[in-house]
Amino acid sequence: MRFLELNSADLDEVLKRYAEEEAEAREVRRRYADWDYIRKQPPRIRAALEYYVETGDIRRACLIAGMDLEDFRELLRRANIPVVV
C-alpha cells in the first residue's frame, strides 16, 4: 500500500522549502530577542535561551534550562523571543 510517493525532485523541493522556513524563523527569533536580558542570565538559562533562538526546539531548551514548559515560555516572553510555528 502506498500512502505517499515523492520523487527525488519533489523531495528536494520539500527539503529546500523546510530549510528556508527554518532559516526565516531563526532570523525572526534572533531579531526580536532581547540580547541584553539574555546575556544577564545565569549560564544554564542563557545557554537554553540561545539554543532555543538557534534551533526553535523548545522541549530540549527546557531540559537545558531545567525548567518546565510553562516556566520556560514565561522566560521567552521576558526575553522577548517569539515562538515561531
# chains A, B, ... in the order shown; residues from 1 in each chain; ligands from 1
$ residues_around --residues "segment 60-71 of chain A" --least-positions-apart "4" --cutoff "8 Å" --atoms "only C-alpha atoms" --output "PyMOL selection string"
chain A and resi 44-45+47-49+51-52+75
$ atom_distance --atom1 "atom CA of Val53 of chain A" --atom2 "atom CA of Pro82 of chain A"
8.9 Å
$ closest_atom_pairs --of "segment 40-82 of chain A" --to "segment 4-26 of chain A" --cutoff "8 Å" --atoms "only C-alpha atoms" --output "tab-separated table"
residue	atom	partner	partner_atom	distance
A:Val53	CA	A:Arg26	CA	6.3
A:Glu54	CA	A:Arg26	CA	5.8
A:Thr55	CA	A:Arg26	CA	7.0
A:Gly56	CA	A:Arg26	CA	7.2
$ write_last_selection --atoms "C-alpha atoms" --output "short mmCIF file (atom, residue, chain, number, x, y, z; two decimals), in the first residue's frame"
data_model
loop_
_atom_site.label_atom_id
_atom_site.label_comp_id
_atom_site.auth_asym_id
_atom_site.auth_seq_id
_atom_site.Cartn_x
_atom_site.Cartn_y
_atom_site.Cartn_z
CA VAL A 53 16.87 31.05 19.40
CA GLU A 54 19.09 28.98 17.10
CA THR A 55 17.02 25.80 16.85
CA GLY A 56 13.44 26.53 17.88
#
$ select_by_dssp --residues "segment 19-49 of chain A" --states "helix (DSSP H, G or I)" --output "ChimeraX atom specification"
/A:19-32,35-39,43-49
